[in-house]
Each structure stands twice: as C-alpha cells, then as structure tokens.
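Participant: Have a look at the structure that comes next, please.
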Amino acid sequence: QKWPDLFNINMNCAVCWNCLLNDVPTMIISGSIILKSQSSKNGISKTQSAGNQRHKTSLVGTSETTRAATLPTSFCEWLAGVIDGDGCLLVSKKGYTSLEITMGIEDLAILRYIQHMLGGSIKMRSGAKAYRYRLHNKQGMTTLIQNINGHIRHSARLLQLHRVCQQLNFPVIQPVSLISTSNWFAGFFDADGTITMSIKNLRPQLSIRVVNKHLIDVEWYRTVFGGYIYFDRSQNGYYQWSVQSREDIMKMLNYFKSSHFRSHKSQRFFLIDKYFKLYDLQAYKEDSIHHKAWLSFMEKWNKLKI
C-alpha cells in the first residue's frame with residue numbers, strides 16, 4: 001500500500017513528509033503532526049501540536065505547569081489571608097515581580113498546596129526550620145494577581161500589591177468587606193493565629209488568638225467574631241486579638257467547620273468539642289473519675305504544639 005493511500009489529504013495543501021517514527025508515517029500540515037498507524041482500519045488519526053514536541057523536564061519542588069486563569073473564590077480568599085500574614089509581594093530592581101511565602105516546617109503541606117494551584121518552587125531555608133515558597137514567572141504572577149486582587153487587605157501587603165499591579169499594568173482593586181463566611185480569616189489564622197490552653201484559678205482556659213504589628217490588621221476579627229484586642233509590648237510591640245468565652249470560641253469553631261483551615265495548629269479546632277465535654281465533667285481535677293480521659297485528651301492536644 002502506498003503512503004498517499006494512508007491519509008485523506010487535500011493535495012492542494014502544502015505537505016512536508018518526515019521520517020518514520022516507530023514505523024508510523026508522519027507528516028506536518030499547517031504546524032500540526034498527524035499520525036496514523038499502518039494497521040489502522042477505522043481511519044482515526046491522532047493530532048498533537050508541533051509546538052509541544054519539546055522534551056520536558058521537572059525539578060523537585062518546582063512546577064511550571066500552566067494553571068487555569070480563574071481559581072475558586074474560596075481558595076483566593078484563603079490565599080490572600082496567608083499572603084497577608086506570611087507572604088510578600090516583590091518587584092526587583094530589574095522590574096521582575098514575585099511572591100514569597102515563608103512558613104514553619106510543620107506547614108510544608110500548605111506551601112505544597114499553593115504550589116499545586118499556582119506552580120512555583122519550594123526551598124528549605126538554610127539555618128531555619130522553615131520553607132520558602134516562591135513564584136516568579138510572569139504568567140504565574142499574572143494569574144495570581146488576577147485572583148487575589150480585591151482580597152489583599154494587610155496594610156503593608158496592599159502597598160506591595162500596588163507596586164506589583166503597576167508593574168503588570170493591572171488596576172488595584174480595593175479589598176471587599178469581610179463577612180463571617182469569608183475564607184480570608186482562615187488563611188490569616190493559618191499564618192498568624194494560635195490556639196492555646198492555660199491554667200487560671202486551677203481551671204483550664206482556652207484562648208484563640210491572632211497577632212499582628214498593626215491594629216487595623218486584626219480589627220476585622222473583633223468586628224466579625226467579637227473578643228478583645230490587646231497591645232503587647234514584647235517583641236517591639238504587637239496587637240493581639242483574642243477570644244476566651246465559650247460563646248466566642250464556639251462561634252470560631254462553627255466558622256472552622258464551614259471554612260478551609262490548613263495549618264498544623266488549626267487541627268486543635270477538632271478537639272474543642274471534646275475539651276468542653278471534659279471541662280463540664282471537671283475531668284481536669286486529679287480526683288475526678290474522668291481524669292484519665294482528661295490526660296488522654298491532653299496527650300493529643302500537646303502533640304499539636306505550635
């Protein structure tokens with residue numbers, strides 16, 4: 001059988017015959033490669049863009065896969081919270097834009113998740129128990145800004161967003177007002193929040209806190225979830241939002257159940273219901289018949305040290 005009989009070709013097209021690949025006739029028509037096995041009987045051909053024939057390589061901790069331009073709103077809100085807390089938007093002297101997020105080794109999974117959604121690279125910080133995520137290619141940064149613009153609200157991060165948007169020719173969208181279902185709270189908590197237990201008057205006391213250098217950057221927590229804001233003079237001074245009452249803690253717990261926390265420390269939210277059950281039984285007292293259950297609970301709690 002002759003080659004021209006293997007293809008349905010309009011002979012008015014420009015055809016360039018290539019060599020055989022694994023005994024499969026190959027031709028290039030208008031930038032596409034059309035393959036058809038000699039043994040095929042149903043006339044079905046496989047088409048692949050000639051521009052995708054380059055050999056692809058990948059590095060550990062690096063992803064250059066093209067992602068969809070539109071990402072889920074819940075992810076964008078959460079990511080903006082993480083960036084507001086632990087991220088940095090940068091413009092180099094040569095005009096290149098980038099995103100960096102640094103988190104503790106226990107939260108490597110968060111950085112892996114962001115990498116899965118956006119691409120980028122992850123490297124361990126030398127001399128520190130932390131990892132740094134970095135996104136710097138223009139396409140990735142364009143996708144990032146298109147999706148977090150309007151969700152970034154940290155006072156320092158907004159200034160950085162302005163610089164990046166100016167470099168990429170995007171208008172800056174002012175942050176939207178937060179409501180009790182916004183995933184921004186989860187992202188910012190994953191970065192700057194904590195759940196602790198202390199002993200006051202021989203009784204355990206839960207506390208959910210979020211800290212930041214600027215009052216305005218924790219004010220939204222008080223507005224939406226109640227609680228109080230304190231100023232701490234240590235570490236050059238910072239503001240701390242805190243809830244301790246059962247009512248306010250349960251409000252945060254209900255939010256946790258409907259949102260997407262991803263940090264190691266946020267796993268303590270799963271233990272709050274158990275905590276209050278044992279607290280009501282006064283299991284924390286050494287002479288309580290439920291004290292062994294309390295000790296078992298504390299063992300689980302301490303495994304999630306922050």
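Letters for chains follow the order of the structure tokens (A, B, ...), residue numbers begin at 1 for each chain, and ligand numbers begin at 1 in the order shown.
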Among region 99-276 of chain A, which ones does DSSP assign to strand (DSSP E or B) (computed from the backbone)? Answer as a count of residues only.
Facilitator: 46
Participant: Leaving out Leu271 (chain A) and any residue of its chain fewer than 3 positions from it, which residues lie within 9 Å of it when counting only C-alpha atoms, given as number ranges by chain?
Facilitator: A: 267-268, 274-276, 297, 300-301
Participant: How would the residues just picked look written out with C-alpha atoms as a compact mmCIF listing (two decimals), in the first residue's frame?
Facilitator:
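Produced file out.txt, reproduced below:
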# COMPACT_ATOMS: atom_id res chain seq x y z
CA GLN A 267 -6.08 20.84 63.93
CA ARG A 268 -6.69 21.80 67.55
CA LYS A 274 -14.11 17.23 73.43
CA TYR A 275 -12.48 19.87 75.60
CA PHE A 276 -15.79 21.39 76.67
CA PHE A 297 -7.06 14.42 75.78
CA LYS A 300 -3.48 14.57 71.88
CA TRP A 301 -3.53 18.33 72.48
Participant: Have a look at CA of Asp217 (chain A) and CA of Tyr255 (chain A) and let me know their distance in Å, one decimal.
Facilitator: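 Separation between CA of Asp217 (chain A) and CA of Tyr255 (chain A): 19.1 Å.
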Participant: Which residues are near Leu202 (chain A)? Cut-off 12 Å, only C-alpha atoms, ignore same chain within fewer than 2 positions. Put them as a CSV table (one decimal) with N, CA and C atoms, in the first residue's frame.
Facilitator:
chain,number,residue,atom,x,y,z
A,198,SER,N,-4.3,27.5,78.9
A,198,SER,CA,-3.5,27.9,80.1
A,198,SER,C,-4.4,27.5,81.3
A,199,ILE,N,-3.8,27.6,82.5
A,199,ILE,CA,-4.5,27.3,83.8
A,199,ILE,C,-4.7,28.6,84.5
A,200,LYS,N,-5.9,28.9,84.8
A,200,LYS,CA,-6.3,30.1,85.6
A,200,LYS,C,-7.2,29.7,86.7
A,204,PRO,N,-8.6,25.0,83.5
A,204,PRO,CA,-8.0,25.3,82.1
A,204,PRO,C,-8.8,26.4,81.4
A,205,GLN,N,-8.1,27.1,80.6
A,205,GLN,CA,-8.7,28.2,79.9
A,205,GLN,C,-8.3,28.2,78.4
A,282,GLN,N,-15.5,18.4,84.8
A,282,GLN,CA,-14.4,18.7,85.7
A,282,GLN,C,-13.4,17.6,85.7
A,284,TYR,N,-10.5,17.7,84.5
A,284,TYR,CA,-9.2,18.2,84.8
A,284,TYR,C,-8.7,18.1,86.2
A,285,LYS,N,-9.7,17.8,87.1
A,285,LYS,CA,-9.3,17.6,88.5
A,285,LYS,C,-8.7,16.2,88.7
A,286,GLU,N,-7.7,16.2,89.5
A,286,GLU,CA,-7.0,14.9,89.7
A,286,GLU,C,-7.9,13.8,90.4
Participant: Please identify all polymer residues within 10 Å of Val91 (chain A), counting only C-alpha atoms, omitting same-chain residues fewer than 4 positions from it, and present them as number ranges by chain.
Facilitator: A: 95-99, 136, 160-161, 163-167
Participant: What's the 9 Å shell around Thr102 (chain A), counting only C-alpha atoms, without same-chain residues fewer than 3 positions away, as a short mmCIF file (atom, residue, chain, number, x, y, z; two decimals) with N, CA and C atoms, in the first residue's frame?
Facilitator:
data_model
loop_
_atom_site.label_atom_id
_atom_site.label_comp_id
_atom_site.auth_asym_id
_atom_site.auth_seq_id
_atom_site.Cartn_x
_atom_site.Cartn_y
_atom_site.Cartn_z
N ASP A 86 1.87 35.81 56.09
CA ASP A 86 3.23 35.27 55.96
C ASP A 86 3.86 35.50 54.59
N GLY A 87 3.22 36.28 53.74
CA GLY A 87 3.73 36.44 52.38
C GLY A 87 4.36 37.79 52.12
N CYS A 88 4.87 37.92 50.91
CA CYS A 88 5.49 39.17 50.49
C CYS A 88 5.42 39.27 48.97
N LEU A 111 2.31 25.01 51.72
CA LEU A 111 3.08 25.50 50.57
C LEU A 111 2.96 24.55 49.39
N ARG A 125 14.73 26.87 54.04
CA ARG A 125 15.58 27.98 54.44
C ARG A 125 16.78 27.46 55.21
N ALA A 130 12.21 26.15 58.47
CA ALA A 130 11.15 26.80 57.69
C ALA A 130 11.39 26.54 56.21
N TYR A 131 10.31 26.67 55.44
CA TYR A 131 10.37 26.54 53.99
C TYR A 131 9.88 27.84 53.36
N ARG A 132 10.43 28.12 52.18
CA ARG A 132 10.00 29.31 51.45
C ARG A 132 9.44 28.91 50.09
N TYR A 133 8.23 29.36 49.83
CA TYR A 133 7.60 29.18 48.53
C TYR A 133 7.86 30.43 47.69
N ARG A 134 8.16 30.23 46.40
CA ARG A 134 8.43 31.38 45.53
C ARG A 134 7.79 31.17 44.16
#
Participant: Find the distance between CA of Ser182 (chain A) and CA of Met117 (chain A) and write it in Å to one decimal.
Facilitator: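 The value is 19.4 Å.
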Participant: Within 10 Å of Phe75 (chain A), counting only C-alpha atoms, which residues qualify if same-chain residues fewer than 4 places away don't, as a list in words?
Facilitator: Leu71, Leu79, Ala80, Gly81, Ile114, Met117, Asn147, Ile148, Asn183, Trp184, Gly187 and His260 of chain A
Participant: Taking N, CA and C atoms for each residue, export the selection above as a PDB file, in the first residue's frame.
Facilitator:
ATOM      1  N   LEU A  71      -9.408  30.841  39.505  1.00  0.00           N
ATOM      2  CA  LEU A  71      -9.321  29.885  40.607  1.00  0.00           C
ATOM      3  C   LEU A  71     -10.546  30.031  41.504  1.00  0.00           C
ATOM      4  N   LEU A  79      -5.948  32.201  50.255  1.00  0.00           N
ATOM      5  CA  LEU A  79      -4.576  32.516  49.867  1.00  0.00           C
ATOM      6  C   LEU A  79      -4.228  33.962  50.196  1.00  0.00           C
ATOM      7  N   ALA A  80      -5.162  34.876  49.970  1.00  0.00           N
ATOM      8  CA  ALA A  80      -4.916  36.281  50.311  1.00  0.00           C
ATOM      9  C   ALA A  80      -4.645  36.428  51.804  1.00  0.00           C
ATOM     10  N   GLY A  81      -5.370  35.671  52.630  1.00  0.00           N
ATOM     11  CA  GLY A  81      -5.125  35.709  54.071  1.00  0.00           C
ATOM     12  C   GLY A  81      -3.745  35.199  54.427  1.00  0.00           C
ATOM     13  N   ILE A 114      -0.370  25.335  47.709  1.00  0.00           N
ATOM     14  CA  ILE A 114      -0.286  26.558  46.905  1.00  0.00           C
ATOM     15  C   ILE A 114       0.488  26.286  45.616  1.00  0.00           C
ATOM     16  N   MET A 117      -1.626  24.630  43.062  1.00  0.00           N
ATOM     17  CA  MET A 117      -2.609  25.510  42.438  1.00  0.00           C
ATOM     18  C   MET A 117      -1.979  26.540  41.507  1.00  0.00           C
ATOM     19  N   ASN A 147      -6.372  36.851  40.611  1.00  0.00           N
ATOM     20  CA  ASN A 147      -7.233  36.115  41.531  1.00  0.00           C
ATOM     21  C   ASN A 147      -7.231  36.640  42.964  1.00  0.00           C
ATOM     22  N   ILE A 148      -6.157  37.310  43.398  1.00  0.00           N
ATOM     23  CA  ILE A 148      -6.140  37.817  44.779  1.00  0.00           C
ATOM     24  C   ILE A 148      -6.423  39.310  44.848  1.00  0.00           C
ATOM     25  N   ASN A 183     -13.253  33.170  53.644  1.00  0.00           N
ATOM     26  CA  ASN A 183     -12.118  32.283  53.912  1.00  0.00           C
ATOM     27  C   ASN A 183     -10.827  33.045  54.183  1.00  0.00           C
ATOM     28  N   TRP A 184     -10.857  34.362  54.067  1.00  0.00           N
ATOM     29  CA  TRP A 184      -9.677  35.159  54.406  1.00  0.00           C
ATOM     30  C   TRP A 184      -9.290  34.944  55.868  1.00  0.00           C
ATOM     31  N   GLY A 187      -7.225  31.815  56.211  1.00  0.00           N
ATOM     32  CA  GLY A 187      -5.870  31.970  55.705  1.00  0.00           C
ATOM     33  C   GLY A 187      -4.992  32.793  56.632  1.00  0.00           C
ATOM     34  N   HIS A 260     -11.890  26.533  55.354  1.00  0.00           N
ATOM     35  CA  HIS A 260     -10.806  25.640  54.961  1.00  0.00           C
ATOM     36  C   HIS A 260      -9.493  26.036  55.634  1.00  0.00           C
TER      37      HIS A 260
END
Participant: So that I can see what lies close to Asp84 (chain A), please list as number ranges by chain the residues with an atom at most 8 Å from it, counting only C-alpha atoms and leaving out residues fewer than 4 positions away in the same chain.
Facilitator: A: 80, 88, 152-154, 157, 188
Participant: Can you work out which one of A:Ser263, A:Ser207, A:Thr142, A:Asn212 has the shortest atom-to-atom distance to Gly227 (chain A), counting only C-alpha atoms?
Facilitator: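 Result for the nearest residue to Gly227 (chain A): A:Ser207.
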Participant: What gap, in Å, lies between CA of Leu118 (chain A) and CA of Glu219 (chain A)?
Facilitator: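 Rounded to one decimal, the two atoms are 29.6 Å apart.
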